[in-house]
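**Q** Below is the file target_26.cif, with mmCIF, C-alpha atoms.
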data_entry
loop_
_atom_site.label_atom_id
_atom_site.label_comp_id
_atom_site.auth_asym_id
_atom_site.auth_seq_id
_atom_site.Cartn_x
_atom_site.Cartn_y
_atom_site.Cartn_z
CA MET A 1 220.04 87.11 33.45
CA SER A 2 216.96 88.06 35.44
CA ARG A 3 216.82 91.62 36.73
CA LYS A 4 214.95 92.90 39.75
CA TYR A 5 215.22 96.66 39.29
CA PHE A 6 216.13 97.33 35.66
CA GLY A 7 213.49 97.19 32.93
CA THR A 8 213.78 97.72 29.19
CA ASP A 9 214.88 101.33 29.67
CA GLY A 10 216.71 101.65 32.98
CA ILE A 11 214.92 101.79 36.32
CA ARG A 12 211.51 103.41 36.49
CA GLY A 13 208.76 103.83 39.08
CA ARG A 14 206.61 106.23 41.06
CA ALA A 15 208.64 109.02 42.64
CA ASN A 16 209.36 108.74 46.37
CA THR A 17 208.32 105.10 46.49
CA GLY A 18 210.20 101.82 45.97
CA ALA A 19 213.37 102.29 43.97
CA MET A 20 212.60 105.96 43.28
CA THR A 21 213.55 107.16 46.78
CA ALA A 22 216.57 109.17 47.88
CA PRO A 23 218.02 106.45 50.18
CA PHE A 24 217.81 103.85 47.41
CA MET A 25 219.47 106.22 44.93
CA VAL A 26 222.43 106.71 47.26
CA GLN A 27 222.93 102.94 47.37
CA LEU A 28 222.38 102.56 43.63
CA ALA A 29 224.95 105.24 42.81
CA THR A 30 227.44 103.64 45.17
CA ALA A 31 226.95 100.26 43.45
CA VAL A 32 227.26 101.78 39.96
CA GLY A 33 230.31 103.72 41.10
CA GLN A 34 231.86 100.51 42.38
CA TYR A 35 231.11 98.78 39.06
CA PHE A 36 232.87 101.48 37.02
CA LYS A 37 235.57 102.48 39.46
CA ASP A 38 238.12 99.78 38.68
CA SER A 39 238.00 100.46 34.92
CA ALA A 40 237.52 104.21 35.23
CA GLU A 41 239.98 106.49 33.45
CA THR A 42 238.76 109.85 34.71
CA ARG A 43 236.39 108.89 37.55
CA ARG A 44 233.92 111.37 36.12
CA VAL A 45 230.12 111.11 36.11
CA VAL A 46 227.74 113.44 34.26
CA ILE A 47 224.10 113.69 35.40
CA GLY A 48 221.27 115.18 33.36
CA LYS A 49 217.56 115.31 34.12
CA ASP A 50 214.23 116.44 32.77
CA THR A 51 211.98 118.95 34.52
CA ARG A 52 210.18 116.76 37.09
CA ARG A 53 210.23 118.09 40.65
CA SER A 54 211.44 114.70 41.90
CA GLY A 55 214.46 114.88 39.60
CA TYR A 56 216.14 117.38 41.89
CA MET A 57 215.75 115.03 44.86
CA LEU A 58 217.10 112.04 42.94
CA GLU A 59 219.96 114.08 41.46
CA ASN A 60 221.20 115.07 44.91
CA ALA A 61 220.94 111.51 46.18
CA LEU A 62 222.80 110.08 43.19
CA THR A 63 225.47 112.74 43.56
CA SER A 64 226.00 111.78 47.20
CA GLY A 65 226.32 108.11 46.30
CA PHE A 66 228.80 108.72 43.49
CA MET A 67 230.89 111.00 45.68
CA ALA A 68 230.86 108.38 48.42
CA ALA A 69 232.19 105.90 45.86
CA GLY A 70 235.03 108.29 45.03
CA LEU A 71 233.74 109.67 41.72
CA ASP A 72 233.56 113.32 40.62
CA VAL A 73 230.08 114.45 39.53
CA PHE A 74 229.17 117.07 36.92
CA MET A 75 225.51 118.12 37.12
CA LEU A 76 224.24 119.17 33.69
CA GLY A 77 220.78 120.45 34.65
CA PRO A 78 217.66 119.88 32.50
CA LEU A 79 218.86 118.40 29.21
CA PRO A 80 217.58 115.91 26.58
CA THR A 81 218.56 112.28 27.04
CA PRO A 82 220.66 112.18 23.83
CA ALA A 83 222.63 115.19 25.10
CA VAL A 84 223.71 113.15 28.13
CA GLY A 85 225.04 110.41 25.83
CA LEU A 86 226.86 113.07 23.81
CA LEU A 87 228.42 114.81 26.82
CA THR A 88 229.42 111.52 28.43
CA ARG A 89 231.74 111.00 25.49
CA SER A 90 232.82 114.58 24.85
CA MET A 91 233.68 115.17 28.52
CA ARG A 92 235.56 111.85 28.74
CA ALA A 93 233.29 110.73 31.57
CA ASP A 94 233.23 107.11 32.64
CA LEU A 95 229.49 107.20 33.21
CA GLY A 96 226.45 109.21 32.16
CA VAL A 97 223.14 109.33 34.02
CA MET A 98 219.77 110.61 32.84
CA ILE A 99 217.00 111.14 35.38
CA SER A 100 213.71 110.87 33.49
CA ALA A 101 210.61 108.77 33.03
CA SER A 102 210.38 109.83 29.39
CA HIS A 103 206.72 110.14 28.31
CA ASN A 104 205.27 109.12 31.71
CA PRO A 105 203.40 111.61 33.95
CA HIS A 106 205.22 113.82 36.46
CA HIS A 107 204.62 111.46 39.41
CA ASP A 108 206.89 108.84 37.79
CA ASN A 109 210.63 109.05 37.36
CA GLY A 110 213.47 106.87 36.18
CA ILE A 111 217.21 106.43 35.78
CA LYS A 112 219.10 105.61 32.58
CA PHE A 113 222.83 104.88 32.54
CA PHE A 114 225.33 105.43 29.73
CA GLY A 115 228.80 103.91 29.52
CA PRO A 116 231.93 105.87 28.55
CA ASP A 117 231.14 105.31 24.86
CA GLY A 118 227.84 107.18 25.28
CA TYR A 119 225.70 104.09 24.74
CA LYS A 120 223.17 102.69 27.22
CA LEU A 121 224.39 99.83 29.38
CA SER A 122 223.84 96.25 28.26
CA ASP A 123 221.56 93.77 30.01
CA LYS A 124 224.67 92.00 31.30
CA ALA A 125 226.10 95.17 32.85
CA GLU A 126 222.78 95.98 34.51
CA ALA A 127 222.55 92.48 35.96
CA GLU A 128 226.07 92.78 37.39
CA ILE A 129 225.20 96.16 38.92
CA GLU A 130 222.16 94.59 40.56
CA THR A 131 224.40 91.95 42.13
CA LEU A 132 226.63 94.67 43.56
CA LEU A 133 223.58 96.60 44.71
CA GLU A 134 222.16 93.65 46.61
CA ALA A 135 225.48 93.26 48.40
CA LEU A 136 225.59 96.97 49.24
CA LEU A 137 222.12 96.90 50.77
CA ASN A 138 223.62 94.61 53.40
CA GLY A 139 226.97 96.35 53.81
CA THR A 140 229.06 99.31 52.70
CA THR A 141 231.93 100.00 50.30
CA GLU A 142 232.36 103.75 50.48
CA ALA A 143 235.70 105.28 49.50
CA PRO A 144 238.17 106.33 52.21
CA SER A 145 237.66 109.87 53.52
CA GLY A 146 240.53 111.23 51.44
CA GLU A 147 239.05 109.88 48.20
CA ILE A 148 235.55 111.36 48.38
CA GLY A 149 234.55 112.79 45.00
CA ARG A 150 233.64 116.35 44.10
CA ALA A 151 230.43 117.80 42.66
CA THR A 152 230.33 120.58 40.06
CA GLN A 153 227.38 122.32 38.39
CA LEU A 154 228.07 122.61 34.65
CA HIS A 155 226.39 125.73 33.28
CA ASN A 156 227.12 125.45 29.55
CA SER A 157 225.82 121.93 28.90
CA ALA A 158 222.75 123.09 26.92
CA THR A 159 224.93 125.36 24.78
CA ARG A 160 227.22 122.44 23.94
CA TYR A 161 224.22 120.40 22.79
CA VAL A 162 222.73 123.26 20.77
CA GLU A 163 225.94 123.84 18.87
CA TYR A 164 226.45 120.14 18.18
CA ALA A 165 222.86 119.57 17.03
CA LYS A 166 223.21 122.29 14.38
CA THR A 167 226.20 120.46 12.89
CA THR A 168 224.10 117.36 12.15
CA VAL A 169 222.64 119.03 9.05
CA ALA A 170 224.61 120.53 6.17
CA ARG A 171 225.86 124.11 6.47
CA SER A 172 223.72 124.96 3.47
CA VAL A 173 220.51 124.07 5.35
CA GLN A 174 218.62 127.21 6.30
CA LEU A 175 215.08 126.97 7.62
CA ASN A 176 214.14 130.53 6.65
CA GLY A 177 210.53 130.69 5.50
CA LEU A 178 209.42 127.64 7.47
CA ARG A 179 206.88 128.16 10.24
CA ILE A 180 207.15 125.38 12.81
CA VAL A 181 205.00 124.58 15.83
CA LEU A 182 207.34 123.06 18.41
CA ASP A 183 205.88 121.23 21.42
CA CYS A 184 208.56 120.52 24.03
CA ALA A 185 206.20 118.72 26.47
CA ASN A 186 207.32 121.04 29.30
CA GLY A 187 210.30 118.74 29.40
CA ALA A 188 214.04 118.52 29.03
CA ALA A 189 214.29 120.32 25.65
CA TYR A 190 212.18 123.34 26.59
CA LYS A 191 215.16 125.70 26.17
CA ALA A 192 217.45 123.94 23.71
CA ALA A 193 214.96 122.91 21.02
CA PRO A 194 213.42 126.35 20.27
CA GLU A 195 216.88 127.89 20.27
CA ILE A 196 218.23 125.41 17.72
CA LEU A 197 215.37 125.88 15.26
CA TRP A 198 215.42 129.68 15.62
CA GLU A 199 219.17 129.87 15.07
CA LEU A 200 218.73 127.84 11.87
CA GLY A 201 216.31 130.48 10.61
CA ALA A 202 212.87 129.02 11.31
CA GLU A 203 209.88 130.89 12.64
CA VAL A 204 209.20 128.95 15.83
CA ILE A 205 205.81 128.82 17.52
CA PRO A 206 206.62 127.19 20.87
CA LEU A 207 204.36 125.11 23.07
CA GLY A 208 205.12 123.25 26.31
CA ILE A 209 208.05 125.47 27.32
CA GLN A 210 206.89 126.50 30.81
CA PRO A 211 207.75 123.57 33.09
CA ASP A 212 206.70 123.83 36.74
CA GLY A 213 207.91 120.42 37.92
CA PHE A 214 204.49 118.82 37.56
CA ASN A 215 203.23 119.58 34.04
CA ILE A 216 205.73 117.49 32.05
CA ASN A 217 203.83 115.56 29.31
CA LYS A 218 200.52 116.92 30.67
CA SER A 219 198.18 117.38 27.70
CA CYS A 220 201.18 118.10 25.50
CA GLY A 221 204.15 116.50 23.79
CA SER A 222 204.39 113.42 21.59
CA THR A 223 201.81 111.45 23.58
CA HIS A 224 199.25 114.29 23.55
CA PRO A 225 199.65 116.13 20.22
CA ASP A 226 196.11 117.57 19.98
CA ALA A 227 197.04 121.04 21.22
CA ALA A 228 199.96 121.24 18.82
CA ALA A 229 197.76 120.04 15.96
CA ARG A 230 195.24 122.82 16.63
CA LEU A 231 198.06 125.36 16.72
CA VAL A 232 199.44 124.09 13.40
CA ARG A 233 196.08 124.67 11.76
CA GLU A 234 195.44 128.02 13.46
CA THR A 235 198.84 129.46 12.52
CA ARG A 236 199.04 127.78 9.12
CA ALA A 237 202.36 126.25 10.08
CA ASP A 238 204.36 124.14 7.66
CA LEU A 239 205.08 121.43 10.22
CA GLY A 240 204.54 120.49 13.84
CA ILE A 241 207.21 118.82 15.96
CA CYS A 242 206.18 117.11 19.20
CA LEU A 243 208.88 115.84 21.58
CA ASP A 244 208.42 113.80 24.74
CA GLY A 245 209.58 114.64 28.26
CA ASP A 246 213.24 113.74 27.71
CA ALA A 247 213.25 114.61 23.99
CA ASP A 248 214.47 111.24 22.75
CA ARG A 249 211.36 110.67 20.65
CA ILE A 250 209.43 112.68 18.08
CA ILE A 251 206.01 112.73 16.47
CA LEU A 252 205.38 115.05 13.53
CA LEU A 253 202.27 116.89 12.38
CA ASP A 254 201.83 117.84 8.74
CA GLU A 255 200.39 121.20 7.71
CA THR A 256 196.84 119.87 8.21
CA GLY A 257 197.59 118.78 11.78
CA ALA A 258 197.56 115.08 10.89
CA ILE A 259 199.89 112.86 12.94
CA VAL A 260 202.99 111.34 11.35
CA ASP A 261 204.43 108.50 13.43
CA GLY A 262 207.92 107.07 13.70
CA ASP A 263 207.37 104.50 10.94
CA GLN A 264 206.60 107.20 8.37
CA ILE A 265 209.54 109.29 9.56
CA MET A 266 211.89 106.31 9.23
CA ALA A 267 210.49 105.54 5.78
CA LEU A 268 211.30 109.07 4.61
CA LEU A 269 214.76 109.22 6.14
CA ALA A 270 215.78 105.70 5.09
CA THR A 271 214.79 106.19 1.44
CA HIS A 272 216.44 109.63 1.36
CA TRP A 273 219.67 108.33 2.88
CA ALA A 274 219.67 105.27 0.63
CA LYS A 275 219.40 107.42 -2.51
CA ALA A 276 222.27 109.54 -1.23
CA GLY A 277 224.38 106.45 -0.54
CA LYS A 278 224.41 107.20 3.20
CA LEU A 279 222.34 104.26 4.54
CA ASN A 280 224.79 101.62 5.71
CA HIS A 281 224.18 98.21 4.13
CA ASN A 282 220.88 99.59 2.79
CA THR A 283 219.28 98.47 6.04
CA LEU A 284 216.94 100.05 8.57
CA VAL A 285 216.62 98.57 12.06
CA ALA A 286 213.19 98.71 13.72
CA THR A 287 211.24 96.72 16.30
CA VAL A 288 208.53 94.11 15.95
CA MET A 289 206.00 96.91 16.56
CA SER A 290 206.70 98.66 13.25
CA ASN A 291 203.93 98.36 10.68
CA LEU A 292 203.99 95.75 7.94
CA GLY A 293 203.39 98.58 5.49
CA LEU A 294 206.82 99.99 6.36
CA GLU A 295 208.48 96.67 5.61
CA THR A 296 206.72 96.39 2.24
CA HIS A 297 207.58 99.97 1.29
CA LEU A 298 211.25 99.53 2.15
CA ARG A 299 211.46 96.26 0.27
CA ASP A 300 210.10 98.00 -2.85
CA GLN A 301 212.93 100.55 -2.45
CA GLY A 302 215.56 97.82 -2.16
CA ILE A 303 215.99 98.44 1.58
CA THR A 304 216.06 95.68 4.19
CA LEU A 305 214.13 96.01 7.45
CA GLN A 306 215.88 94.30 10.35
CA ARG A 307 213.55 93.78 13.33
CA THR A 308 214.38 93.57 17.04
CA GLN A 309 212.45 93.20 20.27
CA VAL A 310 210.75 96.33 21.62
CA GLY A 311 213.03 98.98 23.11
CA ASP A 312 215.33 101.52 21.53
CA ARG A 313 218.29 99.99 23.38
CA TYR A 314 217.78 96.75 21.44
CA VAL A 315 217.56 98.71 18.21
CA VAL A 316 220.89 100.34 19.03
CA GLU A 317 222.49 97.00 19.95
CA GLU A 318 221.49 95.55 16.57
CA MET A 319 222.73 98.66 14.78
CA ARG A 320 226.11 98.33 16.47
CA ARG A 321 226.29 94.60 15.80
CA GLY A 322 225.55 94.95 12.10
CA GLY A 323 227.22 98.28 11.41
CA PHE A 324 223.90 99.95 10.57
CA ASN A 325 223.44 103.70 11.03
CA MET A 326 219.67 104.19 11.16
CA GLY A 327 217.00 102.63 13.32
CA GLY A 328 214.06 103.41 15.50
CA GLU A 329 210.59 102.69 16.75
CA GLN A 330 207.06 103.44 15.62
CA SER A 331 206.65 105.43 18.84
CA GLY A 332 209.13 108.01 17.56
CA HIS A 333 212.54 106.95 18.83
CA ILE A 334 214.75 107.64 15.82
CA VAL A 335 218.41 106.65 16.16
CA LEU A 336 220.89 108.18 13.72
CA SER A 337 224.20 106.74 14.89
CA ASP A 338 226.24 109.00 12.62
CA HIS A 339 225.18 111.75 15.01
CA ALA A 340 223.97 110.26 18.32
CA THR A 341 224.22 107.16 20.48
CA THR A 342 220.52 106.98 21.31
CA GLY A 343 217.20 108.25 20.01
CA ASP A 344 217.17 112.01 19.46
CA GLY A 345 213.84 113.56 18.52
CA LEU A 346 215.25 116.92 17.63
CA MET A 347 218.03 115.60 15.40
CA ALA A 348 215.50 113.44 13.56
CA GLY A 349 213.32 116.51 13.15
CA LEU A 350 216.23 118.47 11.72
CA GLN A 351 216.81 115.75 9.12
CA VAL A 352 213.15 115.91 8.10
CA LEU A 353 213.22 119.72 7.94
CA SER A 354 216.31 119.70 5.74
CA ILE A 355 214.51 117.38 3.29
CA LEU A 356 211.29 119.39 3.47
CA GLN A 357 213.05 122.69 2.83
CA GLY A 358 214.78 121.36 -0.25
CA SER A 359 211.79 119.51 -1.71
CA GLY A 360 209.41 122.35 -2.46
CA ARG A 361 206.59 120.06 -1.33
CA LYS A 362 204.10 120.19 1.51
CA ALA A 363 204.69 118.02 4.57
CA SER A 364 201.52 116.02 3.86
CA GLU A 365 202.92 115.07 0.44
CA LEU A 366 206.41 114.33 1.66
CA LEU A 367 205.66 112.37 4.85
CA ARG A 368 203.01 109.91 3.63
CA ARG A 369 205.40 107.29 2.34
CA PHE A 370 203.19 104.20 2.60
CA THR A 371 199.69 103.08 3.51
CA PRO A 372 199.83 101.35 6.89
CA VAL A 373 198.30 97.94 7.38
CA PRO A 374 195.45 98.43 9.91
CA GLN A 375 196.96 97.99 13.36
CA LEU A 376 195.21 97.73 16.71
CA LEU A 377 196.97 98.05 20.06
CA GLN A 378 195.29 97.60 23.44
CA ASN A 379 196.83 97.56 26.92
CA VAL A 380 195.62 95.53 29.89
CA ARG A 381 196.88 96.57 33.32
CA TYR A 382 197.53 93.80 35.85
CA GLY A 383 198.11 93.71 39.58
CA ALA A 384 201.30 93.01 41.48
CA GLY A 385 202.19 89.33 41.59
CA ARG A 386 199.85 88.44 38.73
CA ALA A 387 201.06 86.51 35.68
CA PRO A 388 198.15 86.58 33.20
CA LEU A 389 200.19 85.37 30.22
CA GLU A 390 200.95 82.09 32.03
CA GLN A 391 197.26 81.14 32.31
CA GLU A 392 196.05 78.31 30.06
CA ASP A 393 192.89 80.07 28.86
CA VAL A 394 194.96 83.12 27.89
CA LYS A 395 197.39 80.90 25.96
CA ALA A 396 194.42 79.30 24.21
CA ALA A 397 192.98 82.70 23.26
CA ILE A 398 196.33 83.76 21.83
CA ALA A 399 196.65 80.53 19.82
CA LYS A 400 193.14 81.01 18.44
CA GLY A 401 193.95 84.59 17.47
CA GLU A 402 197.15 83.59 15.71
CA ALA A 403 195.24 81.01 13.70
CA ALA A 404 192.62 83.59 12.71
CA LEU A 405 195.28 86.01 11.42
CA ALA A 406 197.51 83.39 9.79
CA GLY A 407 198.48 84.45 6.28
CA SER A 408 196.75 87.83 6.47
CA GLY A 409 198.33 89.57 9.44
CA ARG A 410 200.26 89.11 12.64
CA LEU A 411 199.85 89.20 16.40
CA LEU A 412 202.25 90.43 19.07
CA ILE A 413 201.64 90.07 22.81
CA ARG A 414 204.20 91.28 25.33
CA LYS A 415 204.58 92.67 28.82
CA SER A 416 205.65 96.29 29.06
CA GLY A 417 209.15 96.80 30.39
CA THR A 418 208.25 100.04 32.17
CA GLU A 419 204.67 99.55 33.44
CA PRO A 420 202.52 96.62 34.72
CA LEU A 421 200.78 96.26 31.39
CA VAL A 422 200.27 93.54 28.82
CA ARG A 423 200.31 95.04 25.35
CA VAL A 424 198.25 93.25 22.70
CA MET A 425 198.94 94.35 19.13
CA GLY A 426 197.53 92.90 15.93
CA GLU A 427 197.74 93.78 12.23
CA SER A 428 195.40 92.70 9.45
CA HIS A 429 193.75 94.10 6.36
CA ASP A 430 190.50 92.65 7.72
CA GLY A 431 189.58 95.17 10.42
CA ALA A 432 186.60 93.21 11.77
CA VAL A 433 188.63 90.04 12.31
CA LEU A 434 191.46 92.07 13.84
CA LYS A 435 189.17 93.72 16.40
CA THR A 436 187.58 90.43 17.39
CA VAL A 437 190.97 88.78 17.88
CA VAL A 438 192.42 91.61 19.99
CA ASP A 439 189.25 92.06 22.05
CA ASP A 440 189.03 88.34 22.83
CA ILE A 441 192.65 88.13 23.96
CA CYS A 442 192.36 91.26 26.09
CA ALA A 443 189.20 89.90 27.73
CA ALA A 444 190.99 86.64 28.60
CA ILE A 445 193.94 88.55 30.06
CA ALA A 446 191.65 90.83 32.06
CA GLU A 447 190.14 87.81 33.80
CA HIS A 448 193.53 87.21 35.47
CA ALA A 449 194.60 90.84 35.92
#
What does the file become when written as structure tokens?
**A**
Amino acid sequence: MSRKYFGTDGIRGRANTGAMTAPFMVQLATAVGQYFKDSAETRRVVIGKDTRRSGYMLENALTSGFMAAGLDVFMLGPLPTPAVGLLTRSMRADLGVMISASHNPHHDNGIKFFGPDGYKLSDKAEAEIETLLEALLNGTTEAPSGEIGRATQLHNSATRYVEYAKTTVARSVQLNGLRIVLDCANGAAYKAAPEILWELGAEVIPLGIQPDGFNINKSCGSTHPDAAARLVRETRADLGICLDGDADRIILLDETGAIVDGDQIMALLATHWAKAGKLNHNTLVATVMSNLGLETHLRDQGITLQRTQVGDRYVVEEMRRGGFNMGGEQSGHIVLSDHATTGDGLMAGLQVLSILQGSGRKASELLRRFTPVPQLLQNVRYGAGRAPLEQEDVKAAIAKGEAALAGSGRLLIRKSGTEPLVRVMGESHDGAVLKTVVDDICAAIAEHA
């Protein structure tokens, strides 16, 4: 089904424009409320958000729409995305909402929806909501006056998440003696994440814990780890943990400040779980973006790599379909379904820390599990109404590139689901050929951007 508003990870856009306006949010919440109302058991909605200034505006608008649809709203305050999935289930809510644009700058925002099971909505559900939304934009279906919902501010939501997160590692795990640089990206985990690590015994050196509504992801977090890397070296930390704005992804830094991406993290966790007999069906689920080196490494360990299209929601769908309990993305979304319904950067970090503490090894020794095949990713931004991938000369450039890499690498070209970008990614042991292929394709796309 084609979708007008939903992308690969909910609805996203520039705050106070298009779909990210208060009036639109009222209508959206009313449509979503209508979609869930007939099957609702408790008529409860929980709403979390990150630290963007616009989140407060959108939260109030969504609350009004849900109340108008006859649903009761519990506002959780700033909280990581995985915590919203957790509390949707634990509070027996029919719906969970996260207001965040993840790793995007402060001027963007977005909406993610979770069903009563704590999992993100399917493509089919989102398409059906869009149908209801289109009808609402030309009419009204508010609840009768006597059925208007209530709104409640929940003040202990962060505490609930903190206590649960600590249970995802063994009681015997104590992080005493570990010095950790923790970059919270001035985002949703700025309170919870330092508290969790400190309570487990670590010496925490925090960064990105002073949100002002506009500095989320600004020169910090998983997309900008340079400041954290410098701090790791300056303080002689054992490890650096960098979260993104809504804390559903993680990038690590070893004791030298070198970056460790999601592929290396998954390689460590998958092999460790497999040896412990905890990795369901000896299979890891990852996207087409994960490095060929990861696939080779896992195969040598007797572990299967199951690939999906890009997007952590598609990773989760495949995990649920096949009964797998670990998956993720190179970008740092790590999904451990024994503990969470979506990517949780902090829980993945806790798993790594528990292994590190018990290994007696340095992070640089532990986290370099394989040598990546050289990979090159370039983005080409295109204008509204443009369709560069449909142009014949672009198709020809792609076909030529595929032929050049045949047998020695691979090529992946796709449109971003959250931004007007075409992403061109190639892998090959021949770096010169790889660069030529990617550059030529990007140049062809740019001609029609």
**Q** Spell out the residues picked by the PyMOL selection byres ((chain A and resi 433) around 12) here, as a PyMOL selection string.
**A** chain A and resi 374-376+400-406+408-411+426-432+434-440
**Q** Identify all residues satisfying the PyMOL selection byres ((chain A and resi 49) around 7) in the given file; provide them as a list of chain:residue names.
**A**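 The output of the PyMOL selection byres ((chain A and resi 49) around 7) on this file is A:Ile47, A:Gly48, A:Asp50, A:Thr51, A:Gly55, A:Gly77, A:Pro78, A:Leu79, A:Met98, A:Ile99, A:Ser100, A:Ala188.
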**Q** So, counting all atoms listed in the file, which residue among A:Asp261, A:Asp246, A:Glu128, A:Glu41 is closest to Leu367 (chain A)?
**A** A:Asp261
**Q** Might you spell out which residues the PyMOL selection byres ((chain A and resi 298) around 12) would select in the displayed file, as an NGL selection string?
**A** :A and (263-264 or 266-272 or 274 or 282-286 or 291-297 or 299-306 or 369-370)
**Q** Would you mind exporting the chosen residues as a PDB file, in the coordinates of the input, restricted to C-alpha atoms?
**A**
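Wrote out.pdb, looks like this:
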ATOM      1  CA  ASP A 263     207.370 104.500  10.940  1.00  0.00           C
ATOM      2  CA  GLN A 264     206.600 107.200   8.370  1.00  0.00           C
ATOM      3  CA  MET A 266     211.890 106.310   9.230  1.00  0.00           C
ATOM      4  CA  ALA A 267     210.490 105.540   5.780  1.00  0.00           C
ATOM      5  CA  LEU A 268     211.300 109.070   4.610  1.00  0.00           C
ATOM      6  CA  LEU A 269     214.760 109.220   6.140  1.00  0.00           C
ATOM      7  CA  ALA A 270     215.780 105.700   5.090  1.00  0.00           C
ATOM      8  CA  THR A 271     214.790 106.190   1.440  1.00  0.00           C
ATOM      9  CA  HIS A 272     216.440 109.630   1.360  1.00  0.00           C
ATOM     10  CA  ALA A 274     219.670 105.270   0.630  1.00  0.00           C
ATOM     11  CA  ASN A 282     220.880  99.590   2.790  1.00  0.00           C
ATOM     12  CA  THR A 283     219.280  98.470   6.040  1.00  0.00           C
ATOM     13  CA  LEU A 284     216.940 100.050   8.570  1.00  0.00           C
ATOM     14  CA  VAL A 285     216.620  98.570  12.060  1.00  0.00           C
ATOM     15  CA  ALA A 286     213.190  98.710  13.720  1.00  0.00           C
ATOM     16  CA  ASN A 291     203.930  98.360  10.680  1.00  0.00           C
ATOM     17  CA  LEU A 292     203.990  95.750   7.940  1.00  0.00           C
ATOM     18  CA  GLY A 293     203.390  98.580   5.490  1.00  0.00           C
ATOM     19  CA  LEU A 294     206.820  99.990   6.360  1.00  0.00           C
ATOM     20  CA  GLU A 295     208.480  96.670   5.610  1.00  0.00           C
ATOM     21  CA  THR A 296     206.720  96.390   2.240  1.00  0.00           C
ATOM     22  CA  HIS A 297     207.580  99.970   1.290  1.00  0.00           C
ATOM     23  CA  ARG A 299     211.460  96.260   0.270  1.00  0.00           C
ATOM     24  CA  ASP A 300     210.100  98.000  -2.850  1.00  0.00           C
ATOM     25  CA  GLN A 301     212.930 100.550  -2.450  1.00  0.00           C
ATOM     26  CA  GLY A 302     215.560  97.820  -2.160  1.00  0.00           C
ATOM     27  CA  ILE A 303     215.990  98.440   1.580  1.00  0.00           C
ATOM     28  CA  THR A 304     216.060  95.680   4.190  1.00  0.00           C
ATOM     29  CA  LEU A 305     214.130  96.010   7.450  1.00  0.00           C
ATOM     30  CA  GLN A 306     215.880  94.300  10.350  1.00  0.00           C
ATOM     31  CA  ARG A 369     205.400 107.290   2.340  1.00  0.00           C
ATOM     32  CA  PHE A 370     203.190 104.200   2.600  1.00  0.00           C
TER      33      PHE A 370
END
**Q** Using all atoms listed in the file, which of A:Leu231, A:Leu132, A:Ile251, A:Ala40 sits nearest Gly115 (chain A)?
**A**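 When distances to Gly115 (chain A) are compared using all atoms listed in the file, the smallest one comes from A:Ala40.
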**Q** Here is a test: counting all atoms listed in the file, which residue of A:Thr418, A:Thr168, A:Gln27, A:Thr342 is nearest to Gly327 (chain A)?
**A**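 Selected residue with least distance to Gly327 (chain A): A:Thr342.
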**Q** What gap, in Å, lies between CA of Ile111 (chain A) and CA of Arg14 (chain A)?
**A** 11.8 Å
**Q** List as a list in words the residues having at least one atom at most 8 Å from position (230.3, 99.2, 42.1) as given in the file, counting only C-alpha atoms.
**A**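 Taken together, the residues in range are Thr30, Ala31, Val32, Gly33, Gln34, Tyr35, Phe36, Lys37, Ala69, Ile129, Leu132 and Leu133 of chain A.
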**Q** List as a list in words the protein and nucleic acid residues near Glu147 (chain A), meaning an atom at most 12 Å away when all atoms listed in the file are counted, but skip any in the same chain fewer than 2 places from it.
**A** Lys37, Arg43, Phe66, Met67, Ala68, Ala69, Gly70, Leu71, Asp72, Glu142, Ala143, Pro144, Ser145, Gly149 and Arg150 of chain A
**Q** Counting all atoms listed in the file, which of A:Leu389, A:Leu356, A:Gly201, A:Ile250 gets nearest to Gly328 (chain A)?
**A**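 Using all atoms listed in the file, Gly328 (chain A) sits closest to A:Ile250.
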**Q** Counting all atoms listed in the file, figure out which residue out of A:Arg12, A:His339, A:His107, A:His224 gets nearest to Cys242 (chain A).
**A**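 For Cys242 (chain A), the nearest of the candidates is A:His224.
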**Q** What does the structure give for the distance between CA of Thr223 (chain A) and CA of Gly345 (chain A), in Å to one decimal?
**A**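 Between CA of Thr223 (chain A) and CA of Gly345 (chain A) the gap works out to 13.2 Å.
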